[in-house]
Structure formats: C-alpha cells, structure tokens
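Just protein26.csv here, CSV, C-alpha atoms:
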```csv
chain,number,residue,atom,x,y,z
K,21,MET,CA,0.0,0.0,0.0
K,22,HIS,CA,3.0,2.3,0.5
K,23,LYS,CA,3.5,2.4,-3.3
K,24,LEU,CA,-0.1,3.1,-3.9
K,25,GLU,CA,0.1,6.1,-1.6
K,26,GLN,CA,3.0,7.4,-3.6
K,27,MET,CA,1.0,7.0,-6.7
K,28,ILE,CA,-1.9,9.0,-5.3
K,29,GLN,CA,0.4,11.8,-4.3
K,30,LEU,CA,2.0,11.7,-7.7
K,31,ASP,CA,-1.5,12.0,-9.2
K,32,ILE,CA,-2.2,15.1,-7.2
K,33,ASP,CA,1.1,16.6,-8.2
K,34,TYR,CA,0.2,15.8,-11.9
K,35,ILE,CA,-3.1,17.6,-11.8
K,36,LYS,CA,-1.6,20.6,-9.9
K,37,SER,CA,0.7,21.1,-12.9
K,38,PHE,CA,-2.2,22.3,-15.1
K,39,SER,CA,-4.9,23.2,-12.6
K,40,GLU,CA,-5.6,25.5,-9.7
K,41,MET,CA,-6.7,23.9,-6.5
K,42,GLU,CA,-8.5,24.5,-3.3
K,43,LYS,CA,-8.5,22.1,-0.3
K,44,CYS,CA,-11.8,20.9,1.2
K,45,SER,CA,-12.6,18.7,4.2
K,46,ALA,CA,-12.4,15.5,2.3
K,47,GLY,CA,-9.9,16.2,-0.6
K,48,ILE,CA,-9.0,18.7,-3.2
K,49,LEU,CA,-11.0,20.7,-5.7
K,50,PHE,CA,-9.2,21.2,-9.0
K,51,TYR,CA,-10.2,23.7,-11.6
K,52,ASN,CA,-9.0,25.5,-14.7
K,53,LYS,CA,-11.5,28.1,-15.9
K,54,GLU,CA,-9.4,28.7,-19.1
K,55,MET,CA,-10.0,25.1,-20.1
K,56,PRO,CA,-13.5,24.3,-18.9
K,57,THR,CA,-13.9,21.2,-21.1
K,58,TYR,CA,-10.6,19.6,-20.1
K,59,TYR,CA,-12.0,17.1,-17.7
K,60,ASP,CA,-8.7,16.1,-16.1
K,61,ALA,CA,-8.3,19.8,-15.0
K,62,ASN,CA,-11.8,20.2,-13.5
K,63,HIS,CA,-12.6,17.6,-10.9
K,64,ALA,CA,-12.9,17.3,-7.2
K,65,HIS,CA,-10.7,14.5,-5.9
K,66,ILE,CA,-12.1,13.1,-2.7
K,67,TRP,CA,-10.4,10.3,-0.7
K,68,GLN,CA,-11.4,11.1,2.9
K,69,LYS,CA,-14.6,10.0,4.6
K,70,ILE,CA,-17.4,12.6,4.1
K,71,GLU,CA,-19.1,13.5,7.4
K,72,HIS,CA,-22.0,15.6,6.3
K,73,VAL,CA,-23.0,14.3,2.9
K,74,ASP,CA,-25.8,16.6,1.9
K,75,SER,CA,-24.0,19.8,2.7
K,76,PHE,CA,-20.8,18.4,1.1
K,77,LEU,CA,-22.5,17.6,-2.2
K,78,THR,CA,-24.3,20.9,-2.2
K,79,GLY,CA,-20.9,22.7,-1.6
K,80,ILE,CA,-19.2,20.8,-4.5
K,81,LYS,CA,-22.0,21.9,-6.9
K,82,LYS,CA,-21.9,25.5,-5.7
K,83,PHE,CA,-18.1,25.7,-6.0
K,84,TYR,CA,-18.0,24.6,-9.7
K,85,VAL,CA,-21.1,26.4,-10.8
K,86,SER,CA,-19.7,29.6,-9.3
K,87,LYS,CA,-16.7,29.2,-11.7
K,88,ASP,CA,-19.0,28.4,-14.7
K,89,LEU,CA,-17.8,24.8,-14.6
K,90,ILE,CA,-19.7,21.5,-14.6
K,91,PRO,CA,-19.5,19.8,-11.2
K,92,ARG,CA,-17.4,16.7,-11.5
K,93,MET,CA,-15.9,14.5,-8.8
K,94,TYR,CA,-13.7,11.4,-8.3
K,95,LEU,CA,-14.6,9.6,-5.1
K,96,TYR,CA,-11.9,7.1,-4.1
K,97,ASN,CA,-12.7,6.0,-0.6
K,98,VAL,CA,-15.7,4.0,-1.8
K,99,GLU,CA,-16.2,1.7,1.1
K,100,ASP,CA,-16.4,4.5,3.7
K,101,ASN,CA,-18.6,6.7,1.5
K,102,GLN,CA,-21.5,4.5,0.6
K,103,GLN,CA,-23.9,7.1,2.0
K,104,CYS,CA,-22.5,9.7,-0.4
K,105,ILE,CA,-22.9,7.3,-3.3
K,106,GLU,CA,-26.5,6.6,-2.4
K,107,LYS,CA,-27.3,10.3,-2.4
K,108,LEU,CA,-25.6,11.3,-5.7
K,109,HIS,CA,-28.8,10.9,-7.8
K,110,ALA,CA,-30.8,13.0,-5.3
K,111,HIS,CA,-28.3,15.8,-5.8
K,112,GLY,CA,-28.4,15.7,-9.6
K,113,PHE,CA,-25.3,13.6,-10.2
K,114,GLN,CA,-24.9,10.7,-12.6
K,115,TYR,CA,-22.0,8.4,-11.9
K,116,GLU,CA,-19.9,5.5,-13.2
K,117,THR,CA,-17.6,3.1,-11.4
K,118,PHE,CA,-14.0,2.3,-12.4
K,119,SER,CA,-11.5,-0.1,-11.1
K,120,ALA,CA,-8.1,1.1,-12.3
K,121,ASP,CA,-5.0,-1.1,-12.3
K,122,VAL,CA,-1.8,0.7,-11.0
K,123,GLN,CA,1.5,-0.5,-12.5
K,124,CYS,CA,5.0,0.3,-11.6
K,125,TRP,CA,8.1,-0.7,-13.5
K,126,ASN,CA,10.3,-3.2,-11.7
K,127,GLY,CA,13.5,-1.8,-13.0
K,128,GLU,CA,14.3,-4.7,-15.3
K,129,PHE,CA,14.7,-4.2,-19.1
K,130,VAL,CA,13.1,-6.6,-21.6
K,131,GLN,CA,15.2,-7.7,-24.5
K,132,LEU,CA,13.5,-6.4,-27.6
K,133,PRO,CA,14.4,-7.4,-31.2
K,134,ALA,CA,16.7,-5.0,-33.0
K,135,ASN,CA,14.7,-2.6,-35.2
K,136,PRO,CA,17.0,-0.3,-37.3
K,137,THR,CA,14.0,1.5,-38.8
K,138,ILE,CA,13.1,3.1,-35.4
K,139,GLN,CA,14.4,6.5,-34.2
K,140,PHE,CA,13.7,8.2,-30.9
K,141,GLU,CA,13.5,11.9,-30.4
K,142,ARG,CA,12.9,14.2,-27.4
K,143,VAL,CA,10.1,16.6,-28.5
K,144,THR,CA,11.4,20.1,-28.9
K,145,ASP,CA,10.1,23.2,-30.8
K,146,MET,CA,11.8,21.7,-33.9
K,147,ASN,CA,9.6,18.6,-34.0
K,148,VAL,CA,6.6,19.5,-31.7
K,149,GLN,CA,4.2,19.7,-34.7
K,150,ASP,CA,4.9,16.1,-35.5
K,151,ALA,CA,4.2,15.0,-32.0
K,152,LEU,CA,1.0,17.0,-31.8
K,153,ALA,CA,-0.2,15.4,-35.1
K,154,VAL,CA,0.2,12.0,-33.5
K,155,GLU,CA,-1.8,12.9,-30.4
K,156,MET,CA,-4.5,14.7,-32.5
K,157,SER,CA,-5.1,11.5,-34.5
K,158,ILE,CA,-6.4,9.7,-31.3
K,159,SER,CA,-10.1,10.4,-31.0
K,160,THR,CA,-10.3,9.0,-27.5
K,161,PHE,CA,-8.1,11.9,-26.3
K,162,GLY,CA,-11.0,14.3,-26.9
K,163,GLU,CA,-11.9,17.0,-29.3
K,164,PRO,CA,-9.1,18.2,-31.5
K,165,ALA,CA,-9.1,21.8,-30.2
K,166,LEU,CA,-9.0,20.5,-26.6
K,167,ILE,CA,-6.2,18.0,-27.4
K,168,LYS,CA,-4.1,20.9,-28.9
K,169,GLU,CA,-4.7,23.2,-25.9
K,170,ALA,CA,-3.9,20.5,-23.3
K,171,PHE,CA,-0.9,19.3,-25.3
K,172,TYR,CA,0.7,22.7,-25.2
K,173,LYS,CA,-0.2,23.3,-21.6
K,174,THR,CA,1.8,20.1,-20.6
K,175,TYR,CA,4.5,20.5,-23.2
K,176,GLN,CA,5.4,23.9,-21.8
K,177,SER,CA,5.6,22.6,-18.2
K,178,PRO,CA,9.0,21.8,-16.8
K,179,HIS,CA,7.5,18.7,-15.2
K,180,PHE,CA,6.7,17.0,-18.5
K,181,THR,CA,9.0,15.6,-21.2
K,182,TYR,CA,7.6,14.3,-24.5
K,183,TYR,CA,9.2,11.6,-26.7
K,184,LEU,CA,8.5,10.8,-30.3
K,185,LEU,CA,9.2,7.5,-32.1
K,186,ARG,CA,9.7,7.5,-35.9
K,187,VAL,CA,9.7,4.6,-38.3
K,188,ASN,CA,11.9,5.3,-41.3
K,189,GLY,CA,11.6,9.0,-40.5
K,190,GLU,CA,7.8,9.0,-40.2
K,191,ALA,CA,6.4,10.2,-36.8
K,192,CYS,CA,4.1,7.5,-35.5
K,193,CYS,CA,4.2,7.2,-31.6
K,194,THR,CA,4.3,9.6,-28.8
K,195,ALA,CA,4.3,9.5,-25.0
K,196,ASN,CA,5.4,11.8,-22.2
K,197,ILE,CA,6.7,11.4,-18.7
K,198,PHE,CA,5.6,13.6,-15.8
K,199,VAL,CA,8.2,13.9,-13.0
K,200,SER,CA,7.7,15.1,-9.5
K,201,GLY,CA,10.6,14.7,-7.1
K,202,ASN,CA,11.9,11.2,-7.7
K,203,GLN,CA,8.6,9.8,-9.0
K,204,GLY,CA,7.7,9.5,-12.7
K,205,ARG,CA,4.4,8.7,-14.5
K,206,VAL,CA,4.0,7.8,-18.2
K,207,GLU,CA,1.1,9.6,-19.8
K,208,SER,CA,-0.5,10.1,-23.3
K,209,VAL,CA,0.8,7.0,-24.9
K,210,ALA,CA,-0.3,7.1,-28.5
K,211,THR,CA,0.2,5.4,-31.9
K,212,ILE,CA,-1.3,6.5,-35.2
K,213,LYS,CA,-3.7,3.9,-36.6
K,214,SER,CA,-1.7,2.8,-39.6
K,215,PHE,CA,1.3,1.8,-37.3
K,216,ARG,CA,-0.6,-0.1,-34.6
K,217,GLY,CA,-0.1,-3.8,-34.0
K,218,ARG,CA,3.7,-3.7,-34.6
K,219,GLY,CA,4.8,-3.5,-31.0
K,220,LEU,CA,6.2,0.0,-31.4
K,221,ILE,CA,4.9,1.2,-28.1
K,222,GLY,CA,7.2,-1.3,-26.4
K,223,TYR,CA,10.2,0.3,-27.9
K,224,LEU,CA,9.1,3.8,-26.9
K,225,LEU,CA,8.3,2.7,-23.3
K,226,GLN,CA,11.7,1.1,-23.0
K,227,HIS,CA,13.3,4.3,-24.2
K,228,ILE,CA,11.4,6.2,-21.5
K,229,GLN,CA,12.5,3.5,-19.0
K,230,LYS,CA,16.2,4.1,-19.9
K,231,GLN,CA,15.7,7.9,-19.7
K,232,SER,CA,14.1,7.5,-16.2
K,233,VAL,CA,17.1,5.6,-15.0
K,234,LYS,CA,19.5,8.3,-16.2
K,235,ALA,CA,17.3,10.9,-14.5
K,236,GLY,CA,17.4,9.0,-11.2
K,237,ILE,CA,13.7,8.4,-11.0
K,238,GLU,CA,12.9,5.9,-8.2
K,239,ASN,CA,9.5,4.7,-9.4
K,240,LEU,CA,8.1,4.8,-12.9
K,241,TRP,CA,4.3,4.5,-12.9
K,242,ILE,CA,1.6,3.9,-15.5
K,243,MET,CA,-2.1,3.6,-15.2
K,244,PRO,CA,-3.6,1.5,-18.1
K,245,ILE,CA,-7.2,2.3,-19.1
K,246,SER,CA,-8.1,-1.3,-19.9
K,247,GLU,CA,-7.0,-4.9,-19.4
K,248,PRO,CA,-5.6,-5.3,-22.9
K,249,VAL,CA,-3.5,-2.2,-22.4
K,250,ALA,CA,-2.4,-3.5,-19.0
K,251,ARG,CA,-1.1,-6.7,-20.7
K,252,VAL,CA,0.9,-4.6,-23.2
K,253,TYR,CA,2.6,-2.7,-20.4
K,254,ALA,CA,3.2,-5.9,-18.4
K,255,LYS,CA,5.3,-7.2,-21.2
K,256,LEU,CA,7.7,-4.3,-20.5
K,257,ASN,CA,7.9,-5.3,-16.8
K,258,PHE,CA,5.3,-2.8,-15.6
K,259,LYS,CA,4.0,-4.9,-12.7
K,260,SER,CA,0.6,-4.4,-10.9
K,261,VAL,CA,0.9,-3.1,-7.4
K,262,GLY,CA,-2.8,-3.0,-6.8
K,263,SER,CA,-6.0,-1.4,-8.1
K,264,VAL,CA,-7.9,1.7,-7.2
K,265,THR,CA,-11.7,1.7,-7.3
K,266,SER,CA,-13.3,5.0,-7.8
K,267,ILE,CA,-16.7,6.6,-8.5
K,268,HIS,CA,-16.8,9.3,-11.2
K,269,ALA,CA,-19.8,11.6,-10.6
K,270,PHE,CA,-20.9,14.5,-12.8
K,271,THR,CA,-24.0,16.6,-13.3
K,272,GLU,CA,-24.0,16.9,-17.1
K,273,GLY,CA,-21.9,16.2,-20.2
K,274,LYS,CA,-20.2,13.0,-21.3
K,275,SER,CA,-19.1,10.3,-19.0
K,276,ILE,CA,-15.4,9.2,-19.1
K,277,GLU,CA,-16.5,5.9,-20.6
K,278,GLU,CA,-18.3,7.7,-23.5
K,279,ILE,CA,-15.1,9.8,-24.1
K,280,ARG,CA,-13.0,6.7,-24.3
K,281,LEU,CA,-15.4,5.0,-26.7
K,282,GLY,CA,-15.5,8.2,-28.8
K,283,SER,CA,-19.2,8.4,-28.5
```
If you took the structure in this file and wrote it as structure tokens, what would it be?
Amino acid sequence: MHKLEQMIQLDIDYIKSFSEMEKCSAGILFYNKEMPTYYDANHAHIWQKIEHVDSFLTGIKKFYVSKDLIPRMYLYNVEDNQQCIEKLHAHGFQYETFSADVQCWNGEFVQLPANPTIQFERVTDMNVQDALAVEMSISTFGEPALIKEAFYKTYQSPHFTYYLLRVNGEACCTANIFVSGNQGRVESVATIKSFRGRGLIGYLLQHIQKQSVKAGIENLWIMPISEPVARVYAKLNFKSVGSVTSIHAFTEGKSIEEIRLGS
C-alpha cells in the first residue's frame, strides 16, 4: 500500500501542474477556468470519509457552478462513502464506477528485437508539430481543439518531457513522462492507426525507462485504461501493485466511458 500512496500523491502533483486547486474537508477541488472542457483539470478528488454528505455535495456543486464549470468528482474511498454514493442521484449527479490497475516498472529491461527502422527523439520546438499530429489523431483523447490546448499546456511545463518515435523518418508514436521529485508517471501513450499492431509502443516505453534511470527516478508509474492495455505494459515489466476503485460523478456532459469510446 505504500507504493499506492506514492501513486496517489503523484496523481495530485500531476493535476496541480495544469490546474488551480482549493482544499476541502475530504480532498482537493481542482479547476481551470481557461480550459472548462478539459476534464482532467476540472474535478474534485475526494479520498477522505465525508461526514455531512448533503452539505458536502451541495458545496461541491456551488463551487464549480460559481466558476462556470460542470460539477465533477472522483470519489476514491468507496467503502467508507456509501452514504454519499447513495445520495448522488438526489443531488443531480450521474455516476460511473471504475477499477483502475496501477502498475510500476520493476527496474528490469526486456530484450526487444533490434529494429533499425526506429528512431527516438525528445520533443522540442523543432519537432513539436509532428508529436502534436500523432496525439490529435487519437479520437479517445477528446476534441481536436482540446487536445491541442492540453498538449501545449503540458509540453510547456518543466514537469513533462515528451518523446517521439519515428519509423523510417515518419512520426508514429508519442508518450510523455511527468516527473515530481523522484517519481515519474508515463502519460498520453499514442500510436497513429496505420502503425498499430507492430509493437512500437514497447520500444518507446523502453526508451522512457532508460531515460528515467538516467534521471534518477525511483519509481516509474503507469495507469492502463483497460485490461488489454495493461497486458501490453506488463510485457515491458510494468507490474501491478494493486488497483484503485473510484466513482466518477458528474451533473451533465459526457461520462469518461463515453469519451474513451469516442461516442
């Protein structure tokens, strides 16, 4: 559980890098009024037990509505907050349940077949448009305008480093690593459709693993969005350290599941 606690803290640091925040009795309220449709930037993250459920939910709604934002919340401490879950509908919230695997690299490299067609690049102003084009090709990342805005927000942050993989000079895969202290988290792993199924992500992840060692990162984390994706990462020695069950509650707009399915 110690590693999971590290992951939760890293998650908070990650969101702080592109959001403003206010603390509340049971967690943190993240918001970014300049990017109202960027869901990651506009959620309450609640992990403590909620003592006064009705006033708490009313307060969450008032906070986000006052900033012209849709009230959205991740509730992590599910077992202790059943009363809150039961009252979500009465307060106008829809909700969905997720059980997310948390993986951490075990520090060992997998022997990958040599592939002389592959080149790695750190993303800079010289090749940033190529990296952006890869991300914008992934419909599950959201609307194109939002992808572009979020991309530049993170690209310009000193906490993020983007990497690009080319095959015979053609940009086809991207990923970034968020670093806080001696902890790192892999984010935004993407491959354009015509290059999928070739195992290219494995080469890019291994490149990031090597860079993390050079940077002295103690733990390299990743959170797969599905079991098939988790199996891909497991082949690169990202080992499960547990899972986190959460409730995603929202008053309007698309669910996270709808966004992932591109609906």
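You can rank K:Thr78, K:Glu54, K:Glu190, K:Asp121 by their closest distance to Arg251 (chain K) using only C-alpha atoms, and at the top of that list sits K:Asp121.
Taking only C-alpha atoms into account, Ile279 (chain K) lies nearest to K:Thr57 out of the set K:Thr57, K:Thr181, K:Asn52, K:Gln29.
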Query raised in the report: Separation of CA of Thr117 (chain K) and CA of Ser266 (chain K), in Å?
Result: 5.9 Å
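If you measure from each of K:Phe270, K:Gly189, K:Gln26, K:Ile245 to Phe118 (chain K) using all atoms listed in the file, the closest one turns out to be K:Ile245.
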Requested in this report: Name the residues, using the chain letters and numbers of the file, that sit within 12 Å of (-3.2, 8.8, -5.0) when counting all atoms listed in the file, and give them as a VMD selection string.
Outcome: chain K and resid 21 to 35 47 to 48 65 to 68 94 to 97 120 122 241 243 262 to 266
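Among K:Tyr51, K:Phe38, K:Tyr115, K:Phe140, the residue with the shortest atom-to-atom distance to Ile276 (chain K), counting all atoms listed in the file, is K:Tyr115.
One distance worth recording is that between CA of Ala153 (chain K) and CA of Val206 (chain K), which is 19.0 Å.
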Query raised in the report: Between CA of Asp60 (chain K) and CA of Val154 (chain K), what is the distance, to one decimal in Å?
Result: 20.0 Å
Requested in this report: Name all residues at most 9 Å from region 106-108 of chain K (count only C-alpha atoms; drop same-chain ones fewer than 3 positions away) and give them as number ranges by chain.
Outcome: K: 73-74, 77, 101-103, 111-115, 269
Report task. List every protein, DNA or RNA residue that has an atom no more than 10 Å from (-16.2, 10.7, 8.6) in the file's coordinate frame, counting only C-alpha atoms, and report them as JSON, numbers by chain. Result -> {"K": [45, 46, 68, 69, 70, 71, 72, 73, 100, 101]}
Please tabulate, as CSV, the residues of region 191-272 of chain K that come within 12 Å of region 169-177 of chain K, each with its closest pair of atoms and the distance in Å to one decimal, counting all atoms listed in the file and ordering rows by chain, then residue number upward.
```
residue,atom,partner,partner_atom,distance
K:Thr194,CA,K:Phe171,CA,11.5
K:Ala195,CA,K:Phe171,CA,11.1
K:Asn196,CA,K:Tyr175,CA,8.8
K:Ile197,CA,K:Thr174,CA,10.2
K:Phe198,CA,K:Thr174,CA,8.9
K:Val199,CA,K:Ser177,CA,10.5
K:Ser200,CA,K:Ser177,CA,11.7
K:Glu207,CA,K:Thr174,CA,10.6
K:Ser208,CA,K:Phe171,CA,9.4
```
